[in-house]
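Participant: Below you'll find entry_37.cif; it's mmCIF, C-alpha atoms.
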```
data_input
loop_
_atom_site.label_atom_id
_atom_site.label_comp_id
_atom_site.auth_asym_id
_atom_site.auth_seq_id
_atom_site.Cartn_x
_atom_site.Cartn_y
_atom_site.Cartn_z
CA MET V 910 -23.22 2.67 30.37
CA VAL V 911 -20.04 3.02 28.30
CA LYS V 912 -20.69 2.55 24.61
CA LYS V 913 -18.53 0.21 22.55
CA ILE V 914 -16.91 1.11 19.24
CA ILE V 915 -15.52 -1.67 17.09
CA ILE V 916 -12.91 -0.63 14.53
CA LEU V 917 -12.14 -3.04 11.71
CA GLY V 918 -8.61 -2.52 10.41
CA GLY V 919 -5.35 -1.24 11.89
CA GLY V 920 -4.20 0.79 8.90
CA PHE V 921 -3.82 4.55 8.78
CA ALA V 922 -7.53 5.22 9.31
CA GLY V 923 -8.24 2.63 12.00
CA LEU V 924 -5.07 3.29 13.96
CA GLN V 925 -5.49 7.07 14.01
CA LEU V 926 -9.14 6.78 15.02
CA ALA V 927 -8.33 4.49 17.94
CA ARG V 928 -5.59 6.87 19.07
CA HIS V 929 -7.86 9.93 19.03
CA ILE V 930 -11.11 8.56 20.45
CA THR V 931 -11.95 9.82 23.92
CA ASP V 932 -11.66 7.48 26.91
CA ASP V 933 -15.43 7.74 27.37
CA TYR V 934 -15.80 4.93 24.84
CA GLU V 935 -14.68 1.31 24.96
CA VAL V 936 -12.79 0.56 21.75
CA VAL V 937 -12.05 -2.84 20.21
CA LEU V 938 -9.60 -2.74 17.30
CA ILE V 939 -9.76 -5.88 15.14
CA ASP V 940 -7.15 -6.72 12.52
CA GLN V 941 -5.86 -9.96 11.02
CA TYR V 942 -2.27 -8.82 11.73
CA ASN V 943 -0.81 -7.68 15.04
CA PHE V 944 0.98 -4.74 13.45
CA HIS V 945 0.40 -1.54 11.53
CA GLN V 946 2.32 -1.25 8.25
CA PHE V 947 3.50 1.97 6.63
CA GLN V 948 2.43 1.19 3.07
CA PRO V 949 4.16 4.11 1.26
CA LEU V 950 7.52 2.47 1.94
CA LEU V 951 6.61 -1.13 1.10
CA TYR V 952 8.50 -0.81 -2.18
CA GLN V 953 11.71 -0.23 -0.20
CA VAL V 954 11.13 -3.49 1.67
CA ALA V 955 10.58 -5.24 -1.67
CA THR V 956 13.88 -3.88 -3.04
CA ALA V 957 15.88 -4.68 0.13
CA ARG V 958 16.40 -1.06 1.17
CA LEU V 959 14.51 -1.41 4.45
CA GLU V 960 13.71 -4.28 6.74
CA PRO V 961 10.01 -5.00 7.37
CA SER V 962 10.42 -4.14 11.06
CA ALA V 963 11.43 -0.59 10.12
CA ILE V 964 7.98 0.19 8.69
CA SER V 965 5.87 -2.05 10.94
CA PHE V 966 4.58 -1.21 14.41
CA PRO V 967 3.03 -3.70 16.88
CA LEU V 968 -0.53 -2.59 17.58
CA ARG V 969 -0.37 -3.56 21.23
CA LYS V 970 2.77 -1.46 21.64
CA VAL V 971 0.95 1.58 20.25
CA PHE V 972 -1.80 1.25 22.86
CA GLN V 973 0.29 0.35 25.88
CA GLY V 974 -1.17 2.12 28.89
CA ASN V 975 -4.49 2.80 27.17
CA LYS V 976 -7.02 0.71 29.07
CA CYS V 977 -9.91 1.73 26.82
CA VAL V 978 -8.48 0.28 23.59
CA HIS V 979 -8.46 -3.51 23.22
CA VAL V 980 -6.65 -5.16 20.31
CA ARG V 981 -7.96 -8.42 18.88
CA ILE V 982 -6.15 -10.39 16.16
CA ALA V 983 -8.87 -12.06 14.13
CA LYS V 984 -10.26 -12.42 10.62
CA VAL V 985 -13.73 -11.01 10.06
CA THR V 986 -16.14 -13.59 8.65
CA GLU V 987 -19.35 -11.53 8.69
CA VAL V 988 -20.68 -8.11 9.62
CA ASN V 989 -24.33 -8.23 10.67
CA THR V 990 -25.57 -4.64 10.88
CA ALA V 991 -29.11 -5.73 11.77
CA LEU V 992 -27.96 -7.52 14.93
CA LYS V 993 -25.03 -5.11 15.47
CA VAL V 994 -22.49 -7.90 15.70
CA VAL V 995 -19.15 -8.63 14.03
CA LYS V 996 -18.40 -12.32 13.58
CA THR V 997 -14.76 -13.45 13.42
CA ASP V 998 -12.79 -16.67 13.52
CA GLU V 999 -12.00 -15.80 17.15
CA GLY V 1000 -15.58 -15.20 18.28
CA ASP V 1001 -18.37 -12.64 18.00
CA PHE V 1002 -18.20 -8.97 19.04
CA ASN V 1003 -21.24 -6.80 19.72
CA TYR V 1004 -21.07 -3.06 19.17
CA ASP V 1005 -22.87 0.22 19.62
CA TYR V 1006 -20.92 1.82 16.79
CA LEU V 1007 -19.01 0.08 14.02
CA VAL V 1008 -16.19 1.71 12.03
CA ILE V 1009 -15.06 -0.07 8.88
CA ALA V 1010 -11.48 0.90 8.04
CA THR V 1011 -10.36 -2.19 6.16
CA GLY V 1012 -8.42 -0.34 3.46
CA CYS V 1013 -7.91 -1.63 -0.04
CA THR V 1014 -6.37 -4.57 -1.83
CA SER V 1015 -5.01 -5.25 -5.31
CA ASN V 1016 -7.57 -5.09 -8.11
CA PHE V 1017 -6.85 -7.62 -10.87
CA PHE V 1018 -10.03 -6.62 -12.73
CA GLY V 1019 -11.34 -10.16 -12.73
CA ASN V 1020 -8.32 -11.68 -14.48
CA LYS V 1021 -7.55 -14.93 -12.67
CA GLN V 1022 -4.23 -15.32 -14.50
CA PHE V 1023 -2.98 -12.00 -13.11
CA GLU V 1024 -4.17 -12.97 -9.66
CA GLN V 1025 -2.41 -16.33 -9.83
CA TYR V 1026 0.93 -15.37 -11.36
CA ALA V 1027 1.56 -11.65 -10.74
CA PHE V 1028 3.18 -10.30 -7.57
CA PRO V 1029 1.06 -7.70 -5.74
CA MET V 1030 2.51 -5.34 -3.15
CA LYS V 1031 -0.20 -4.16 -0.74
CA SER V 1032 1.09 -5.68 2.52
CA THR V 1033 4.32 -6.37 4.34
CA ASN V 1034 3.97 -10.08 3.65
CA GLU V 1035 3.59 -9.42 -0.09
CA ALA V 1036 6.59 -7.08 -0.06
CA ILE V 1037 8.73 -9.76 1.61
CA ALA V 1038 7.55 -12.34 -0.93
CA LEU V 1039 8.50 -9.96 -3.74
CA ARG V 1040 11.92 -9.29 -2.21
CA ASN V 1041 12.58 -13.03 -2.00
CA ARG V 1042 11.45 -13.43 -5.59
CA ILE V 1043 13.73 -10.66 -6.87
CA LEU V 1044 16.78 -11.96 -5.02
CA LEU V 1045 16.16 -15.60 -5.89
CA ASN V 1046 15.79 -14.50 -9.48
CA PHE V 1047 19.45 -13.53 -9.74
CA GLU V 1048 20.58 -16.70 -8.00
CA ASP V 1049 18.65 -18.68 -10.61
CA ALA V 1050 20.16 -16.61 -13.42
CA LEU V 1051 23.65 -17.87 -12.55
CA SER V 1052 22.84 -21.40 -13.71
CA ALA V 1053 19.87 -20.87 -16.03
CA PRO V 1054 19.99 -22.32 -19.55
CA PRO V 1055 20.03 -19.70 -22.35
CA ASP V 1056 16.40 -20.31 -23.34
CA GLU V 1057 15.20 -19.43 -19.81
CA LEU V 1058 17.51 -16.52 -19.11
CA GLU V 1059 15.43 -13.89 -20.90
CA GLY V 1060 12.37 -14.62 -18.79
CA ILE V 1061 14.45 -14.42 -15.61
CA MET V 1062 16.16 -11.16 -16.56
CA ASN V 1063 12.98 -9.30 -17.53
CA ILE V 1064 11.07 -7.57 -14.74
CA VAL V 1065 7.74 -6.02 -15.70
CA ILE V 1066 5.81 -3.57 -13.53
CA ALA V 1067 2.18 -3.13 -14.54
CA GLY V 1068 0.94 0.30 -13.49
CA GLY V 1069 2.55 3.72 -13.73
CA GLY V 1070 1.15 5.29 -10.57
CA PRO V 1071 3.32 6.33 -7.60
CA THR V 1072 3.94 2.76 -6.43
CA GLY V 1073 4.93 1.53 -9.89
CA VAL V 1074 7.16 4.54 -10.59
CA GLU V 1075 8.91 4.34 -7.22
CA LEU V 1076 9.42 0.60 -7.53
CA ALA V 1077 10.79 0.89 -11.07
CA GLY V 1078 13.24 3.60 -10.01
CA SER V 1079 14.41 1.59 -7.01
CA LEU V 1080 14.98 -1.54 -9.12
CA ALA V 1081 16.87 0.51 -11.72
CA GLU V 1082 19.21 1.90 -9.05
CA MET V 1083 19.65 -1.61 -7.70
CA LYS V 1084 20.65 -2.75 -11.19
CA LYS V 1085 23.13 0.11 -11.56
CA ASN V 1086 24.74 0.32 -8.12
CA VAL V 1087 24.27 -2.94 -6.25
CA LEU V 1088 23.82 -6.03 -8.39
CA PRO V 1089 27.07 -5.75 -10.42
CA LYS V 1090 29.02 -5.79 -7.14
CA ASP V 1091 27.04 -8.73 -5.75
CA TYR V 1092 27.28 -10.72 -8.99
CA PRO V 1093 30.54 -9.74 -10.74
CA ASP V 1094 30.25 -12.71 -13.10
CA MET V 1095 26.83 -11.71 -14.44
CA ASP V 1096 26.04 -9.38 -17.35
CA PHE V 1097 23.39 -6.99 -16.06
CA SER V 1098 23.04 -5.24 -19.38
CA ARG V 1099 20.63 -8.10 -20.06
CA LEU V 1100 18.44 -7.12 -17.10
CA ASN V 1101 15.44 -5.20 -18.45
CA ILE V 1102 12.99 -3.30 -16.26
CA TYR V 1103 9.70 -2.47 -17.98
CA LEU V 1104 7.04 -0.08 -16.71
CA VAL V 1105 3.77 -0.66 -18.57
CA GLU V 1106 1.02 1.95 -18.22
CA GLY V 1107 -2.34 2.11 -19.98
CA GLN V 1108 -2.60 5.90 -19.79
CA PRO V 1109 -0.62 8.46 -21.85
CA HIS V 1110 1.51 9.47 -18.85
CA THR V 1111 3.11 8.12 -15.72
CA LEU V 1112 1.71 9.59 -12.47
CA GLN V 1113 -1.59 10.30 -14.19
CA ASN V 1114 -3.01 12.29 -11.26
CA MET V 1115 -0.06 14.67 -10.93
CA SER V 1116 0.82 17.84 -12.83
CA GLU V 1117 2.10 17.78 -16.39
CA PRO V 1118 5.66 18.86 -15.39
CA SER V 1119 5.81 16.06 -12.80
CA GLN V 1120 4.50 13.51 -15.29
CA LYS V 1121 7.06 14.54 -17.88
CA ARG V 1122 9.98 14.69 -15.46
CA SER V 1123 9.14 11.34 -13.83
CA GLN V 1124 9.27 9.66 -17.23
CA GLU V 1125 12.56 11.38 -18.04
CA TYR V 1126 14.05 10.23 -14.72
CA LEU V 1127 12.96 6.64 -15.29
CA GLU V 1128 14.30 6.50 -18.83
CA ALA V 1129 17.59 8.06 -17.71
CA LEU V 1130 17.89 5.19 -15.23
CA GLY V 1131 17.35 2.69 -18.03
CA VAL V 1132 13.71 1.78 -17.38
CA LYS V 1133 11.74 0.94 -20.53
CA VAL V 1134 8.55 3.00 -20.15
CA TRP V 1135 5.69 1.78 -22.36
CA LEU V 1136 2.71 4.16 -22.26
CA ASN V 1137 -0.76 3.69 -23.77
CA THR V 1138 -0.10 -0.01 -23.29
CA LEU V 1139 -2.55 -2.41 -21.65
CA VAL V 1140 -1.68 -5.86 -20.32
CA GLN V 1141 -4.06 -8.45 -21.71
CA ASP V 1142 -2.90 -11.72 -20.19
CA TYR V 1143 -0.09 -13.47 -18.34
CA ASP V 1144 0.57 -17.18 -17.96
CA GLY V 1145 3.54 -16.95 -15.60
CA LYS V 1146 6.03 -17.00 -18.47
CA THR V 1147 4.85 -14.51 -21.10
CA ILE V 1148 2.94 -11.24 -20.84
CA THR V 1149 0.61 -10.55 -23.74
CA LEU V 1150 -0.19 -6.92 -24.47
CA LYS V 1151 -3.36 -5.69 -26.15
CA ASP V 1152 -1.37 -4.22 -29.05
CA GLY V 1153 -0.04 -7.68 -29.89
CA ARG V 1154 3.41 -7.39 -28.36
CA ALA V 1155 4.69 -9.91 -25.83
CA ILE V 1156 7.35 -9.91 -23.10
CA LYS V 1157 8.94 -13.07 -21.79
CA THR V 1158 9.13 -12.81 -18.01
CA ARG V 1159 8.47 -14.76 -14.89
CA ASN V 1160 8.47 -11.52 -12.87
CA MET V 1161 5.34 -9.45 -13.27
CA ILE V 1162 4.66 -6.98 -10.44
CA TRP V 1163 1.08 -5.71 -10.24
CA THR V 1164 0.55 -2.09 -9.18
CA ALA V 1165 -2.12 -1.29 -11.78
CA GLY V 1166 -5.14 -0.90 -9.54
CA VAL V 1167 -6.73 -1.24 -6.12
CA MET V 1168 -10.22 -1.88 -4.84
CA GLY V 1169 -11.87 -1.53 -1.48
CA ASN V 1170 -11.48 -4.41 0.94
CA VAL V 1171 -15.14 -4.76 1.93
CA PRO V 1172 -15.78 -7.16 4.85
CA PRO V 1173 -18.26 -10.00 4.30
CA GLY V 1174 -21.85 -9.20 5.19
CA ILE V 1175 -22.06 -5.68 3.78
CA LEU V 1176 -25.02 -5.60 1.40
CA ALA V 1177 -24.37 -5.03 -2.29
CA GLU V 1178 -26.63 -1.96 -2.26
CA HIS V 1179 -23.98 -0.13 -0.22
CA ILE V 1180 -21.08 -0.99 -2.54
CA VAL V 1181 -20.21 1.28 -5.47
CA ARG V 1182 -17.43 1.68 -8.05
CA GLY V 1183 -14.03 0.46 -6.98
CA ASN V 1184 -15.66 -1.94 -4.50
CA ARG V 1185 -15.98 0.88 -1.99
CA ILE V 1186 -18.75 1.54 0.52
CA LYS V 1187 -20.79 4.67 -0.13
CA VAL V 1188 -21.04 7.07 2.82
CA ASP V 1189 -22.63 10.43 3.52
CA HIS V 1190 -20.65 13.57 4.38
CA TYR V 1191 -20.28 12.35 7.98
CA ASN V 1192 -18.68 9.06 6.85
CA ARG V 1193 -21.83 7.13 7.80
CA MET V 1194 -22.87 4.19 5.67
CA GLU V 1195 -26.15 5.20 4.06
CA GLY V 1196 -29.15 3.99 6.03
CA ASN V 1197 -27.04 3.02 9.07
CA SER V 1198 -26.53 5.75 11.67
CA ASP V 1199 -24.30 3.51 13.79
CA VAL V 1200 -21.97 2.27 11.00
CA PHE V 1201 -19.14 4.50 9.77
CA VAL V 1202 -16.63 3.87 6.97
CA ILE V 1203 -13.29 5.68 6.66
CA GLY V 1204 -10.10 5.38 4.66
CA ASP V 1205 -9.57 3.69 1.30
CA VAL V 1206 -12.71 1.56 1.51
CA SER V 1207 -15.02 4.59 1.90
CA TYR V 1208 -16.59 6.44 -1.02
CA MET V 1209 -17.85 9.96 -0.42
CA GLU V 1210 -19.01 12.21 -3.23
CA THR V 1211 -18.46 15.95 -2.71
CA PRO V 1212 -18.36 18.95 -5.06
CA ASP V 1213 -14.56 18.91 -4.94
CA PHE V 1214 -14.36 15.11 -5.28
CA PRO V 1215 -17.35 13.97 -7.37
CA LYS V 1216 -15.75 10.54 -7.90
CA GLY V 1217 -14.76 10.04 -4.28
CA HIS V 1218 -11.64 11.03 -2.39
CA PRO V 1219 -8.26 9.71 -3.53
CA GLN V 1220 -7.17 6.56 -1.73
CA LEU V 1221 -4.27 8.16 0.11
CA ALA V 1222 -2.92 7.91 3.65
CA ASN V 1223 -3.54 11.61 4.24
CA VAL V 1224 -7.25 11.26 3.44
CA ALA V 1225 -7.55 8.26 5.77
CA THR V 1226 -5.77 10.05 8.61
CA ASN V 1227 -7.90 13.19 8.27
CA GLN V 1228 -11.13 11.19 8.14
CA ALA V 1229 -10.08 9.32 11.29
CA LYS V 1230 -9.34 12.49 13.25
CA HIS V 1231 -12.57 14.09 12.04
CA LEU V 1232 -14.64 11.04 13.02
CA ALA V 1233 -13.00 10.97 16.47
CA ALA V 1234 -14.18 14.57 16.95
CA ASN V 1235 -17.67 13.59 15.81
CA PHE V 1236 -17.73 10.74 18.34
CA ARG V 1237 -17.04 13.36 21.03
CA ARG V 1238 -19.98 15.38 19.68
CA LEU V 1239 -22.21 12.28 19.89
CA LEU V 1240 -21.46 12.04 23.60
CA LYS V 1241 -22.68 15.61 24.05
CA ASN V 1242 -25.68 15.17 21.73
CA GLU V 1243 -24.24 17.85 19.45
CA GLN V 1244 -24.70 18.16 15.70
CA LEU V 1245 -22.08 16.22 13.72
CA LYS V 1246 -19.81 18.16 11.36
CA GLU V 1247 -19.33 17.22 7.73
CA PHE V 1248 -15.94 16.00 6.55
CA LYS V 1249 -14.16 18.38 4.21
CA TYR V 1250 -10.82 17.59 2.65
CA LYS V 1251 -8.24 19.90 1.14
CA ASN V 1252 -5.59 18.13 -0.87
CA PRO V 1253 -2.19 19.18 0.55
CA GLY V 1254 -0.37 17.81 -2.49
CA THR V 1255 1.15 14.64 -3.87
CA MET V 1256 4.68 13.42 -4.41
CA ALA V 1257 6.73 10.50 -5.69
CA THR V 1258 10.39 9.59 -5.67
CA ILE V 1259 12.14 7.93 -8.59
CA GLY V 1260 15.72 7.69 -7.38
CA LYS V 1261 18.56 9.51 -5.66
CA HIS V 1262 18.01 13.26 -6.11
CA LYS V 1263 15.09 12.41 -8.41
CA ALA V 1264 11.59 13.14 -7.13
CA VAL V 1265 8.49 15.14 -8.06
CA VAL V 1266 6.29 17.18 -5.72
CA ASP V 1267 2.97 18.88 -6.45
CA LEU V 1268 1.70 21.30 -3.80
CA PRO V 1269 -1.45 23.42 -4.12
CA PHE V 1270 0.63 26.51 -4.87
CA ILE V 1271 3.75 25.14 -6.56
CA SER V 1272 5.18 22.13 -8.40
CA PHE V 1273 8.86 21.28 -8.30
CA GLN V 1274 11.14 18.39 -9.19
CA GLY V 1275 14.69 17.21 -8.62
CA ARG V 1276 16.99 17.36 -5.59
CA LEU V 1277 14.79 19.63 -3.44
CA ALA V 1278 11.76 17.48 -4.18
CA TRP V 1279 13.74 14.39 -3.19
CA PHE V 1280 14.75 15.84 0.19
CA THR V 1281 11.18 17.05 0.73
CA TRP V 1282 9.85 13.55 0.03
CA MET V 1283 12.36 11.98 2.46
CA PHE V 1284 11.66 14.47 5.25
CA LEU V 1285 7.87 14.21 5.07
CA HIS V 1286 7.85 10.42 4.93
CA LEU V 1287 10.25 10.21 7.86
CA MET V 1288 8.01 12.50 9.92
CA LEU V 1289 4.99 10.26 9.24
CA ILE V 1290 6.68 7.21 10.78
CA LEU V 1291 5.10 6.47 14.17
CA SER V 1292 7.95 5.79 16.59
CA VAL V 1293 11.27 7.52 17.22
CA LYS V 1294 13.01 4.14 17.06
CA ASN V 1295 11.65 3.43 13.60
CA LYS V 1296 12.47 6.95 12.41
CA LEU V 1297 16.07 6.38 13.53
CA MET V 1298 16.28 2.95 11.88
CA ILE V 1299 15.03 4.31 8.57
CA PHE V 1300 17.24 7.40 8.73
CA ILE V 1301 20.36 5.29 9.34
CA ASN V 1302 19.52 2.96 6.45
CA TRP V 1303 18.85 5.90 4.16
CA ALA V 1304 22.09 7.60 5.23
CA ILE V 1305 24.14 4.46 4.54
CA SER V 1306 22.46 4.05 1.17
CA TYR V 1307 23.01 7.72 0.33
CA PHE V 1308 26.76 7.67 0.93
CA THR V 1309 27.53 4.14 -0.31
CA ASN V 1310 24.84 3.58 -2.98
CA ASP V 1311 24.39 0.21 -1.31
CA THR V 1312 22.50 -1.58 1.44
CA THR V 1313 23.23 -4.66 3.53
CA LEU V 1314 19.68 -6.00 3.71
CA ARG V 1315 19.60 -8.45 0.82
CA LEU V 1316 18.53 -11.47 2.83
CA ILE V 1317 16.47 -14.29 1.35
CA LEU V 1318 14.22 -15.38 4.21
CA LEU V 1319 11.77 -18.04 3.09
CA PRO V 1320 9.10 -19.32 5.51
CA THR V 1321 9.67 -22.72 7.08
CA LYS V 1322 7.07 -25.45 6.94
CA LYS V 1323 6.23 -24.80 10.60
CA GLN V 1324 5.68 -21.08 9.94
CA VAL V 1325 3.29 -21.89 7.10
CA GLU V 1326 1.43 -24.34 9.33
CA MET V 1327 1.14 -21.71 12.08
CA SER V 1328 -0.34 -19.26 9.59
CA GLY V 1329 -3.28 -21.64 9.18
CA HIS V 1330 -2.47 -22.72 5.62
CA GLU V 1331 -1.94 -26.24 4.45
CA VAL V 1332 1.45 -27.30 3.16
CA SER V 1333 1.48 -29.31 -0.04
#
```
Would you mind writing the file's structure down as structure tokens?
Facilitator:
Amino acid sequence: MVKKIIILGGGFAGLQLARHITDDYEVVLIDQYNFHQFQPLLYQVATARLEPSAISFPLRKVFQGNKCVHVRIAKVTEVNTALKVVKTDEGDFNYDYLVIATGCTSNFFGNKQFEQYAFPMKSTNEAIALRNRILLNFEDALSAPPDELEGIMNIVIAGGGPTGVELAGSLAEMKKNVLPKDYPDMDFSRLNIYLVEGQPHTLQNMSEPSQKRSQEYLEALGVKVWLNTLVQDYDGKTITLKDGRAIKTRNMIWTAGVMGNVPPGILAEHIVRGNRIKVDHYNRMEGNSDVFVIGDVSYMETPDFPKGHPQLANVATNQAKHLAANFRRLLKNEQLKEFKYKNPGTMATIGKHKAVVDLPFISFQGRLAWFTWMFLHLMLILSVKNKLMIFINWAISYFTNDTTLRLILLPTKKQVEMSGHEVS
């Protein structure tokens, strides 16, 4: 009898696992969205450099012709490992093996004010909402009274990791090259972009040269970089910092932390720091030989990574491919192999010809790093069509310092109703 594997999540880990599992298994891939999203480029959707369709891929399209993989669009309501069943709003699914690959979500560290008023950027929908917010902001600025203008023209990014740095650089280039042409009657010297980071450096997990150069790039673009600075509170109008300073803004973008997106039903004894699920060296949830966890939501301690692997797409992809190989070994009753990860390097882009790259054997910054970043990200895009779309947009932006994607597309009442949410 063919055994069934249920995969929760269509991100990097879940998608790659489903693509590499042998046809000897029946696979059900469950996700609340019908598409895979390329998260490293979400900031370009938020700043109107790319359309959402350029970095999103329909899951059913990916598995066309594969009769062993079945896609189900549903929201998980409970995982019952004792009964080996996954309960969703679209029905129940029994399994022989369960793979949890639900990724991560924004971590507001328990602050309800941040959660209510700040703009996160962990999904395509959130990136579109942020794009609308940024563009509507400048429309509002045209007619805003003087006492409200400061709050409109201040944009604050909380978190100096790769996402925060890349977003700040993109907004700064937008301020310099695009907005003055779109709004010739507006004084953009009053537009302030703040990057607030609690650590002593931006890109805390990269090399010292990359940290230093990334800050220099940002400041050269006009970004106000505030280090060793923690955000204490935000009421939608004013950010209060722990050192007593305050920034008037109605635009706070939250990139300061993530936590695992654990599905309901997983016992608290399996959840560790960062709201991640602890696994052994085979990616099995401890005490459950038929439940595996991969990607950002998994937490595996190894000698090289005593605090767990970094929550990166490359880790998720490698864990997925390794687990697919272990599923083939299970069919043959062979011994499973432990997962071992070698960090190939990290990188971030700040602006045109401004990027930083850390490889195991070398660290470099500047123009070469920027082209390296572009090439590697383009190669990671799934389809040839999407690669071409992104390349054309990047080429246009490169030669014109402009894009033509600044569309404000707000959801209609009917779209909100179809999403299952009530309309006030």
Participant: Once the PyMOL selection byres ((chain V and resi 1157) around 8) has been evaluated on this model, what residues remain selected, and can you format them as JSON, numbers by chain?
Facilitator: {"V": [1059, 1060, 1063, 1146, 1147, 1148, 1155, 1156, 1158, 1159]}
Participant: Give the answer as one residue: which of V:Lys993, V:Asn1160, V:Ala922, V:Ala1081 has the shortest atom-to-atom distance to Ile1061 in chain V, using all atoms listed in the file?
Facilitator: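 Ranking V:Lys993, V:Asn1160, V:Ala922, V:Ala1081 by distance to Ile1061 in chain V, first place goes to V:Asn1160.
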Participant: To test your reading of the syntax: which residues would the PyMOL selection byres ((chain V and resi 1226) around 9) return for the file shown? Reply as a list in words.
Facilitator: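 For this structure, the PyMOL selection byres ((chain V and resi 1226) around 9) resolves to Phe921, Ala922, Gly923, Leu924, Gln925, Leu926, Ile1203, Gly1204, Leu1221, Ala1222, Asn1223, Val1224, Ala1225, Asn1227, Gln1228, Ala1229, Lys1230 and His1231 of chain V.
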Participant: Counting only C-alpha atoms, figure out which residue out of V:Leu1136, V:Leu1316, V:Met1115, V:Leu1076 gets nearest to Met1256 in chain V.
Facilitator: V:Met1115
Participant: Take the PyMOL selection byres ((chain V and resi 954-969) around 6), run it mentally on this structure, and tell me the resulting residues as a JSON list (two decimals) with C-alpha atoms, keeping the file's coordinate frame.
Facilitator:
```json
[["chain", "number", "residue", "atom", "x", "y", "z"],
["V", 943, "ASN", "CA", -0.81, -7.68, 15.04],
["V", 944, "PHE", "CA", 0.98, -4.74, 13.45],
["V", 945, "HIS", "CA", 0.40, -1.54, 11.53],
["V", 946, "GLN", "CA", 2.32, -1.25, 8.25],
["V", 947, "PHE", "CA", 3.50, 1.97, 6.63],
["V", 951, "LEU", "CA", 6.61, -1.13, 1.10],
["V", 952, "TYR", "CA", 8.50, -0.81, -2.18],
["V", 953, "GLN", "CA", 11.71, -0.23, -0.20],
["V", 970, "LYS", "CA", 2.77, -1.46, 21.64],
["V", 971, "VAL", "CA", 0.95, 1.58, 20.25],
["V", 972, "PHE", "CA", -1.80, 1.25, 22.86],
["V", 1036, "ALA", "CA", 6.59, -7.08, -0.06],
["V", 1037, "ILE", "CA", 8.73, -9.76, 1.61],
["V", 1039, "LEU", "CA", 8.50, -9.96, -3.74],
["V", 1040, "ARG", "CA", 11.92, -9.29, -2.21],
["V", 1295, "ASN", "CA", 11.65, 3.43, 13.60],
["V", 1314, "LEU", "CA", 19.68, -6.00, 3.71],
["V", 1315, "ARG", "CA", 19.60, -8.45, 0.82]]
```
Participant: With only C-alpha atoms as the basis for distance, which of V:Ala1067, V:Val988, V:Val1132, V:Val1266 is at the shortest distance from Trp1163 in chain V?
Facilitator: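 Of all the options, V:Ala1067 lies closest to Trp1163 in chain V.
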Participant: Which value, in Å to one decimal, gives the distance between CA of Leu1318 in chain V and CA of Ala1038 in chain V?
Facilitator: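 Going from CA of Leu1318 in chain V over to CA of Ala1038 in chain V covers 9.0 Å.
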Participant: Taking into account only C-alpha atoms, which residue in the set V:Leu938, V:Val1167, V:Ala1177, V:Leu1232 is nearest to His1190 in chain V?
Facilitator: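 Distance minimum relative to His1190 in chain V lands on V:Leu1232.
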Participant: Please determine, counting all atoms listed in the file, which residue among V:Leu950, V:Ile1271, V:Leu1239, V:Val1202 has the shortest atom-to-atom distance to Ile1299 in chain V.
Facilitator: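 Of V:Leu950, V:Ile1271, V:Leu1239, V:Val1202, the one nearest Ile1299 in chain V, counting all atoms listed in the file, is V:Leu950.
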Participant: Which one of V:Gln1124, V:Asn1242, V:Gln1022, V:Asn1086 sits closest to Gln1141 in chain V if you count only C-alpha atoms?
Facilitator: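 When distances to Gln1141 in chain V are compared using only C-alpha atoms, the smallest one comes from V:Gln1022.
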Participant: Could you please determine the separation between CA of Glu1195 in chain V and CA of His1179 in chain V in Å, to one decimal place?
Facilitator: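 According to the coordinates, CA of Glu1195 in chain V and CA of His1179 in chain V are separated by 7.2 Å.
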Participant: Please indicate the distance in Å from CA of Ile1102 in chain V to CA of Pro1089 in chain V, rounded to one decimal place.
Facilitator: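 Separation between CA of Ile1102 in chain V and CA of Pro1089 in chain V: 15.4 Å.
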Participant: So that all listed atoms of range 1260-1269 of chain V fit with 4 Å spare on each side, what axis-aligned box centre and edge lengths in Å, to one decimal, would you give as JSON?
Facilitator:
```
{"center_x": 8.6, "center_y": 15.6, "center_z": -6.1, "size_x": 28.0, "size_y": 23.7, "size_z": 12.6}
```
Participant: Within 6 Å of (-12.5, 4.3, 20.9) (coordinates as in the file), grab all the protein and nucleic acid residues, counting all atoms listed in the file, and write them out as a PyMOL selection string.
Facilitator: chain V and resi 914+927+930+934-936
Participant: Give as a list of chain:residue names the set of residues within 9 Å of the point (-1.7, -6.4, -24.7), where distances use the file's coordinates and all atoms listed in the file.
Facilitator: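 Checking each residue against the 9 Å limit leaves V:Thr1138, V:Leu1139, V:Val1140, V:Gln1141, V:Asp1142, V:Ile1148, V:Thr1149, V:Leu1150, V:Lys1151, V:Asp1152, V:Gly1153, V:Arg1154, V:Ala1155.
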Participant: Near Gly1254 in chain V, counting only C-alpha atoms, which residues have an atom at most 6 Å away, once you skip same-chain residues fewer than 3 positions from it, shown as a PyMOL selection string?
Facilitator: chain V and resi 1267-1269
Participant: Taking C-alpha atoms for each residue, export the selection above as a PDB file, keeping the file's coordinate frame.
Facilitator:
```
ATOM      1  CA  ASP V1267       2.970  18.880  -6.450  1.00  0.00           C
ATOM      2  CA  LEU V1268       1.700  21.300  -3.800  1.00  0.00           C
ATOM      3  CA  PRO V1269      -1.450  23.420  -4.120  1.00  0.00           C
TER       4      PRO V1269
END
```
